[in-house]
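Peer 1: Coordinates in input-v6.txt, compact mmCIF, C-alpha atoms, are listed below.
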```txt
# COMPACT_ATOMS: atom_id res chain seq x y z
CA MET X 288 9.74 11.83 7.91
CA ARG X 289 10.93 10.19 4.75
CA VAL X 290 9.39 7.68 2.39
CA ARG X 291 11.68 5.00 1.01
CA SER X 292 11.71 1.50 -0.41
CA PHE X 293 11.34 -1.41 2.00
CA GLN X 294 14.55 -3.12 3.07
CA LEU X 295 14.73 -6.64 4.48
CA SER X 296 15.99 -5.22 7.79
CA ASP X 297 12.60 -3.43 8.10
CA ALA X 298 10.61 -6.68 8.25
CA SER X 299 10.17 -6.92 12.04
CA GLN X 300 9.28 -3.21 12.40
CA VAL X 301 6.76 -3.49 9.54
CA MET X 302 5.14 -6.53 11.17
CA GLU X 303 4.91 -4.65 14.49
CA LEU X 304 3.40 -1.63 12.74
CA LEU X 305 0.84 -3.78 10.93
CA GLN X 306 -0.18 -5.35 14.24
CA VAL X 307 -0.62 -1.95 15.93
CA ALA X 308 -2.30 -0.20 12.99
CA LEU X 309 -4.71 -2.90 11.76
CA SER X 310 -7.51 -4.98 13.23
CA GLU X 311 -6.61 -8.58 14.08
CA GLU X 312 -8.45 -9.99 11.05
CA CYS X 313 -6.93 -7.38 8.74
CA TYR X 314 -3.47 -8.06 10.20
CA GLU X 315 -3.80 -11.77 9.42
CA ASP X 316 -4.81 -11.07 5.80
CA THR X 317 -2.16 -8.40 5.37
CA LYS X 318 0.77 -10.37 6.77
CA ARG X 319 0.09 -13.10 4.16
CA ALA X 320 -0.08 -10.49 1.39
CA PHE X 321 3.09 -8.85 2.73
CA ALA X 322 4.99 -12.16 2.66
CA ARG X 323 3.68 -12.93 -0.83
CA GLN X 324 4.70 -9.50 -2.16
CA LEU X 325 8.15 -9.85 -0.56
CA SER X 326 8.69 -13.04 -2.52
CA TRP X 327 7.43 -11.44 -5.77
CA ASP X 328 8.81 -7.89 -5.74
CA SER X 329 9.87 -6.08 -2.56
CA GLU X 330 10.33 -2.82 -4.54
CA LEU X 331 6.52 -2.47 -4.40
CA ILE X 332 6.55 -2.10 -0.62
CA MET X 333 7.17 1.45 0.59
CA VAL X 334 7.75 2.62 4.16
CA THR X 335 7.73 5.95 5.97
CA GLU X 336 10.42 6.42 8.55
CA ALA X 337 10.39 8.96 11.40
CA ASP X 338 13.18 9.16 13.97
CA GLY X 339 14.51 5.77 12.89
CA GLU X 340 11.14 4.04 13.31
CA ILE X 341 8.79 2.72 10.62
CA VAL X 342 5.51 4.66 11.03
CA GLY X 343 3.80 3.83 7.73
CA VAL X 344 3.80 1.10 5.10
CA LEU X 345 2.15 0.64 1.72
CA ILE X 346 1.96 -2.73 0.01
CA GLY X 347 1.45 -2.60 -3.74
CA THR X 348 1.57 -5.09 -6.57
CA ILE X 349 1.54 -5.09 -10.36
CA ASP X 350 -0.25 -7.43 -12.76
CA GLN X 351 0.85 -6.71 -16.34
CA ASN X 352 0.33 -2.95 -16.62
CA LEU X 353 -2.17 -2.67 -13.73
CA GLY X 354 -0.90 -1.45 -10.37
CA CYS X 355 -2.76 -2.25 -7.16
CA ILE X 356 -2.48 -0.49 -3.83
CA TYR X 357 -3.33 -3.35 -1.53
CA ARG X 358 -2.90 -1.86 1.93
CA VAL X 359 -1.76 1.34 3.61
CA ALA X 360 -1.09 1.17 7.33
CA VAL X 361 -0.07 4.15 9.47
CA HIS X 362 0.82 4.08 13.15
CA PRO X 363 -2.05 5.64 15.15
CA ASN X 364 0.27 8.37 16.52
CA TYR X 365 1.12 9.52 12.97
CA ARG X 366 -2.32 9.50 11.35
CA ARG X 367 -3.68 12.63 9.68
CA GLN X 368 -0.15 13.98 9.17
CA GLY X 369 0.25 13.16 5.47
CA VAL X 370 1.95 9.79 5.92
CA GLY X 371 -0.65 7.88 3.87
CA LYS X 372 -0.74 10.52 1.15
CA ASN X 373 3.07 10.52 0.87
CA LEU X 374 3.12 6.72 0.63
CA VAL X 375 0.47 6.69 -2.11
CA THR X 376 2.33 9.42 -4.02
CA ALA X 377 5.60 7.47 -3.77
CA MET X 378 3.89 4.30 -5.00
CA GLU X 379 2.32 6.21 -7.90
CA GLN X 380 5.83 7.30 -8.90
CA ARG X 381 7.08 3.72 -8.60
CA PHE X 382 4.18 2.54 -10.77
CA GLN X 383 4.99 5.21 -13.38
CA GLN X 384 8.62 4.03 -13.46
CA ARG X 385 7.29 0.54 -14.16
CA LYS X 386 5.07 1.77 -17.03
CA VAL X 387 1.83 1.05 -15.16
CA SER X 388 -1.05 2.74 -16.96
CA ARG X 389 -3.79 2.14 -14.40
CA ILE X 390 -3.85 1.91 -10.61
CA MET X 391 -6.43 0.02 -8.59
CA VAL X 392 -7.15 0.35 -4.88
CA ALA X 393 -8.10 -2.78 -2.96
CA GLY X 394 -11.64 -2.19 -1.79
CA ASP X 395 -12.00 -4.83 0.88
CA GLU X 396 -13.76 -4.04 4.14
CA HIS X 397 -10.42 -3.36 5.84
CA ASN X 398 -9.69 -0.40 3.56
CA LEU X 399 -12.88 1.51 4.40
CA ALA X 400 -11.09 3.87 6.81
CA ALA X 401 -8.61 4.82 4.07
CA MET X 402 -11.25 5.50 1.40
CA PRO X 403 -11.42 9.28 2.11
CA LEU X 404 -7.66 9.44 1.47
CA TYR X 405 -8.01 7.56 -1.82
CA GLU X 406 -10.98 9.66 -2.90
CA ALA X 407 -9.12 12.89 -2.11
CA MET X 408 -6.25 11.64 -4.28
CA GLY X 409 -8.49 10.96 -7.28
CA TYR X 410 -9.32 7.29 -6.80
CA ALA X 411 -13.08 7.72 -6.97
CA GLY X 412 -15.19 6.23 -9.72
CA LYS X 413 -16.09 2.88 -11.20
CA ILE X 414 -16.32 -0.09 -8.88
CA LEU X 415 -14.63 -3.22 -10.17
CA GLU X 416 -15.50 -6.72 -8.99
CA ALA X 417 -12.15 -8.45 -8.58
CA PHE X 418 -8.43 -8.09 -9.13
CA GLN X 419 -6.16 -10.97 -8.20
CA LYS X 420 -8.75 -12.18 -5.69
CA LEU X 421 -9.01 -8.68 -4.16
CA GLY X 422 -12.06 -6.43 -4.11
CA ILE X 423 -11.31 -3.26 -6.01
CA ALA X 424 -12.98 -0.02 -5.01
CA ALA X 425 -11.71 2.47 -7.51
CA ALA X 426 -9.46 2.93 -10.51
CA HIS X 427 -7.20 5.81 -11.43
CA THR X 428 -5.51 6.21 -14.81
CA LEU X 429 -2.00 7.60 -14.82
CA SER X 430 -1.32 10.29 -17.35
CA ARG X 431 1.58 9.55 -19.62
CA SER X 432 4.28 12.19 -19.35
```
For the structure just supplied, provide its representation as structure tokens.

Peer 2:
Amino acid sequence: MRVRSFQLSDASQVMELLQVALSEECYEDTKRAFARQLSWDSELIMVTEADGEIVGVLIGTIDQNLGCIYRVAVHPNYRRQGVGKNLVTAMEQRFQQRKVSRIMVAGDEHNLAAMPLYEAMGYAGKILEAFQKLGIAAAHTLSRS
């Protein structure tokens, strides 16, 4: 498996993955956010590829120096194999390259299943009320290296 930046040729596979991995309501919300992020900055969408197939996707965004992990989706057959963790780690590196000093995790009801992953990666703590119309569950400060 390898994590890489999204490419336009991945769009249909990502949409299929989102439909398989997310609830119908979450899929509807996420496909709008996906399209919006594509128009803003496709470098903040990361995918995991296994055997030529997209098995994981992470949609992030940046507002000034704040990074937000909006949604992680992993194909059910690849869950609990490190796909989500590898995507978050790759996005953290992308945020560091962009001089992001703080990362937020979207804390909407659709991200509840991923909260143990975020907590294990250090995203536990203060609850914030809103971030670009998203609920934020936790913040994590990047150390400057």

Peer 1: Report the distance between atom CA of Arg389 of chain X and atom CA of Leu353 of chain X in Å, rounded to one decimal place.

Peer 2: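 One can read the atom CA of Arg389 of chain X to atom CA of Leu353 of chain X distance as 5.1 Å.
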
Peer 1: One decimal, Å: what's the distance from atom CA of Val392 of chain X over to atom CA of Met408 of chain X, could you say?

Peer 2: 11.3 Å

Peer 1: Within 12 Å of (1.9, 14.6, 6.3), only C-alpha atoms: residues as a short mmCIF file (atom, residue, chain, number, x, y, z; two decimals) with C-alpha atoms, in the frame of the given file?

Peer 2:
```
data_model
loop_
_atom_site.label_atom_id
_atom_site.label_comp_id
_atom_site.auth_asym_id
_atom_site.auth_seq_id
_atom_site.Cartn_x
_atom_site.Cartn_y
_atom_site.Cartn_z
CA MET X 288 9.74 11.83 7.91
CA ARG X 289 10.93 10.19 4.75
CA VAL X 290 9.39 7.68 2.39
CA THR X 335 7.73 5.95 5.97
CA ALA X 337 10.39 8.96 11.40
CA VAL X 342 5.51 4.66 11.03
CA GLY X 343 3.80 3.83 7.73
CA VAL X 361 -0.07 4.15 9.47
CA TYR X 365 1.12 9.52 12.97
CA ARG X 366 -2.32 9.50 11.35
CA ARG X 367 -3.68 12.63 9.68
CA GLN X 368 -0.15 13.98 9.17
CA GLY X 369 0.25 13.16 5.47
CA VAL X 370 1.95 9.79 5.92
CA GLY X 371 -0.65 7.88 3.87
CA LYS X 372 -0.74 10.52 1.15
CA ASN X 373 3.07 10.52 0.87
CA LEU X 374 3.12 6.72 0.63
CA VAL X 375 0.47 6.69 -2.11
CA THR X 376 2.33 9.42 -4.02
CA LEU X 404 -7.66 9.44 1.47
#
```

Peer 1: Determine, counting only C-alpha atoms, every residue of protein, DNA or RNA that lies within 10 Å of (-5.5, -6.9, 7.4) in the file coordinates, then give the result as a list of chain:residue names.

Peer 2: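 I get X:Leu305, X:Gln306, X:Ala308, X:Leu309, X:Ser310, X:Glu311, X:Glu312, X:Cys313, X:Tyr314, X:Glu315, X:Asp316, X:Thr317, X:Lys318, X:Arg319, X:Ala320, X:Phe321, X:Tyr357, X:Arg358, X:Val359, X:Ala360, X:Asp395, X:Glu396, X:His397, X:Asn398 for the residues within 10 Å of that point.
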
Peer 1: Using all atoms listed in the file, which of X:His362, X:Lys386, X:Arg381, X:Arg291 sits nearest Met333 of chain X?

Peer 2: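 Under the stated criterion, the closest residue is X:Arg291.
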